[in-house]
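Visitor: One structure, pasted below without further comment.
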Amino acid sequence: MTTVHSTEINDLCLLFSQHSHDFDVLSLDCFDTLLWRRVEKPTEVFYSLQQRPTFRKLACNATLRMKMEAQARKHKRIVDNSNEVNLEEIYRAGFADVSEPDLQALMQEELDEEKQACFAYAPIVRLIHAARDAGMKVIIVSDTYFSEHQLRELLTHCLAAETMSEIDQIYCSSSFGVSKAAGLFQSVLTRVQCAPERIVHIGDHPQADLEAAR
């Protein structure tokens, strides 16, 4: 699997015009690659999130949200030898007896807050169009606690309908129980059914998006 670090973003469209015939699939990381946030750190989103109605109702704040995630990951490591969790597991780690309506509201409020924080990075959007023009498939491979459905909802909010229609599949670590660095790409390969050397993956993380993909 060929990899490109997103610090080389200014050269990507030129590289694609020269080498698109070498690949059948464009694989993209999501956060800090296709979607960027209007905050310095992802956890800063939680400080706006704590003002949402259900968070205020349950007295949930940014610090507690971070502690719940850490607790959920610790529990998952003990029970399943995995570090990957989803949003439901995170919130149940802090509110074990939360009602189903409140649980759904907490998850939706977090997703809605991410919609406000995130925006599509234009050079990667152009790359998606270039890939499709070259006859390539486009997939998203993300280390995230969002489910495929939740991440698709976020992407649909941030991307133009034309761009969203050009994304063939979305793979989330929370759905597979394994991160990119721990083997998610192996599961992706079996589903994409494409030779690894015919896939180019682009992301921002040296281990998850470079070494793991290689």
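Ligands are numbered from 1 in the order shown, residues from 1 within each chain, and chains are lettered A, B, ... in the order they appear in the structure tokens.
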List the spatial neighbours of segment 99-104 of chain A as an MDAnalysis selection string - criterion: any atom at most 8 Å away, only C-alpha atoms, same-chain residues fewer than 6 positions off excluded.
Guide: chainID A and resid 54 88 91
Visitor: Output C-alpha atoms for every residue in that selection, as a short mmCIF file (atom, residue, chain, number, x, y, z; two decimals), in the first residue's frame.
Guide:
data_model
loop_
_atom_site.label_atom_id
_atom_site.label_comp_id
_atom_site.auth_asym_id
_atom_site.auth_seq_id
_atom_site.Cartn_x
_atom_site.Cartn_y
_atom_site.Cartn_z
CA THR A 54 -28.72 16.93 27.64
CA GLU A 88 -22.41 4.41 23.32
CA TYR A 91 -21.37 7.43 27.62
#
Visitor: What's around Ala208 of chain A at 7 Å? Count only C-alpha atoms, leave out sequence neighbours fewer than 3 positions away in its own chain, and write the answer as a PyMOL selection string.
Guide: chain A and resi 180-181+205+211-212
Visitor: So that I have them on file, write out the residues from the current selection with N, CA, C and O atoms, as a PDB file, in the first residue's frame.
Guide:
ATOM      1  N   LYS A 180      -6.033   1.484  13.052  1.00  0.00           N
ATOM      2  CA  LYS A 180      -5.195   1.334  11.854  1.00  0.00           C
ATOM      3  C   LYS A 180      -3.828   0.759  12.221  1.00  0.00           C
ATOM      4  O   LYS A 180      -3.329  -0.141  11.543  1.00  0.00           O
ATOM      5  N   ALA A 181      -3.242   1.270  13.295  1.00  0.00           N
ATOM      6  CA  ALA A 181      -1.917   0.803  13.686  1.00  0.00           C
ATOM      7  C   ALA A 181      -1.920  -0.652  14.137  1.00  0.00           C
ATOM      8  O   ALA A 181      -0.905  -1.338  14.060  1.00  0.00           O
ATOM      9  N   HIS A 205      -1.033  10.903  10.293  1.00  0.00           N
ATOM     10  CA  HIS A 205      -0.353  10.307  11.442  1.00  0.00           C
ATOM     11  C   HIS A 205       0.775   9.374  10.978  1.00  0.00           C
ATOM     12  O   HIS A 205       0.540   8.435  10.206  1.00  0.00           O
ATOM     13  N   GLU A 211       3.209   4.057   8.565  1.00  0.00           N
ATOM     14  CA  GLU A 211       3.788   2.741   8.847  1.00  0.00           C
ATOM     15  C   GLU A 211       2.752   1.632   8.786  1.00  0.00           C
ATOM     16  O   GLU A 211       3.019   0.563   8.215  1.00  0.00           O
ATOM     17  N   ALA A 212       1.577   1.850   9.353  1.00  0.00           N
ATOM     18  CA  ALA A 212       0.560   0.796   9.348  1.00  0.00           C
ATOM     19  C   ALA A 212       0.097   0.487   7.926  1.00  0.00           C
ATOM     20  O   ALA A 212      -0.098  -0.676   7.566  1.00  0.00           O
TER      21      ALA A 212
END
Visitor: Report as a ChimeraX atom specification: the residues of segment 19-153 of chain A with a DSSP assignment of helix (DSSP H, G or I), based on the backbone of this structure.
Guide: /A:19-22,42-49,53-57,62-80,87-94,100-117,122-133,148-153
Visitor: Please provide the set of residues having any atom within 10 Å of Ser17 of chain A, restricted to only C-alpha atoms, with same-chain residues fewer than 4 positions apart removed, written as JSON, numbers by chain.
Guide: {"A": [12, 13, 21, 127, 130, 131, 134]}
Visitor: Suppose we keep N, CA and C atoms; can you now write the selection as a CSV table (one decimal), in the first residue's frame?
Guide:
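Okay, result-v3.csv is ready:
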chain,number,residue,atom,x,y,z
A,12,LEU,N,0.2,17.0,-3.9
A,12,LEU,CA,-0.6,15.8,-4.2
A,12,LEU,C,-1.3,15.8,-5.5
A,13,CYS,N,-1.9,16.9,-5.9
A,13,CYS,CA,-2.6,17.0,-7.1
A,13,CYS,C,-1.7,16.8,-8.3
A,21,HIS,N,-2.7,6.5,-12.8
A,21,HIS,CA,-2.9,5.3,-13.5
A,21,HIS,C,-2.3,4.1,-12.8
A,127,LEU,N,-8.7,16.4,-4.5
A,127,LEU,CA,-8.1,15.1,-4.8
A,127,LEU,C,-9.1,14.0,-5.0
A,130,ALA,N,-10.4,14.4,-8.4
A,130,ALA,CA,-9.3,13.9,-9.4
A,130,ALA,C,-9.3,12.4,-9.4
A,131,ALA,N,-9.4,11.8,-8.3
A,131,ALA,CA,-9.4,10.3,-8.2
A,131,ALA,C,-10.6,9.7,-9.0
A,134,ALA,N,-10.2,9.9,-12.6
A,134,ALA,CA,-9.2,8.9,-13.1
A,134,ALA,C,-9.8,7.5,-13.0
Visitor: So that I can check the secondary structure, give me every residue of segment 17-206 of chain A assigned strand (DSSP E or B) by backbone DSSP, as an MDAnalysis selection string.
Guide: chainID A and resid 25:28 31 35:37 118:120 137:142 169:172 199:203
Visitor: From the set A:Ser187, A:Gln18, A:Thr33, A:Ser48, which residue has the shortest atom-to-atom contact distance to Gln116 of chain A, counting only C-alpha atoms?
Guide: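 Using only C-alpha atoms, the shortest distance to Gln116 of chain A belongs to A:Ser48.
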Visitor: Counting only C-alpha atoms, figure out which residue out of A:Trp36, A:Phe95, A:Phe176, A:Phe146 gets nearest to Leu159 of chain A.
Guide: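 Nearest to Leu159 of chain A: A:Trp36.
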Visitor: In Å, with one decimal, what is the gap from atom CA of Gln50 of chain A to atom CA of Ala62 of chain A?
Guide: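 That distance, rounded to one decimal, is 5.9 Å.
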Visitor: Find the residue from A:Met164, A:Ile90, A:Cys172, A:Ala70 that sits nearest to Asp143 of chain A; use only C-alpha atoms when measuring.
Guide: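 Between A:Met164, A:Ile90, A:Cys172, A:Ala70, the residue approaching Asp143 of chain A most closely is A:Cys172.
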Visitor: Pick from A:Leu64, A:Ala182, A:Val79, A:Val138: nearest to Val125 of chain A, with only C-alpha atoms counted?
Guide: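 Once distances to Val125 of chain A are computed over only C-alpha atoms, the minimum belongs to A:Val138.
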Visitor: For atom CA of Phe16 of chain A and atom CA of Leu154 of chain A, quote the distance in Å rounded to one decimal.
Guide: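 Atom CA of Leu154 of chain A lies 26.6 Å from atom CA of Phe16 of chain A.
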Visitor: Considering only C-alpha atoms, return as a list in words whatever protein or nucleic-acid residues lie within 12 Å of Asp168 of chain A, sequence-local ones (same chain, fewer than 4 positions apart) excluded.
Guide: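 Non-adjacent residues within range: Val25, Leu26, Ser27, Leu28, Ile128, Ala131, Arg132, Met136, Lys137, Val138, Ile139, Ile140, Val141, Arg152, Thr163, Met164, Arg191 and Val192 of chain A.
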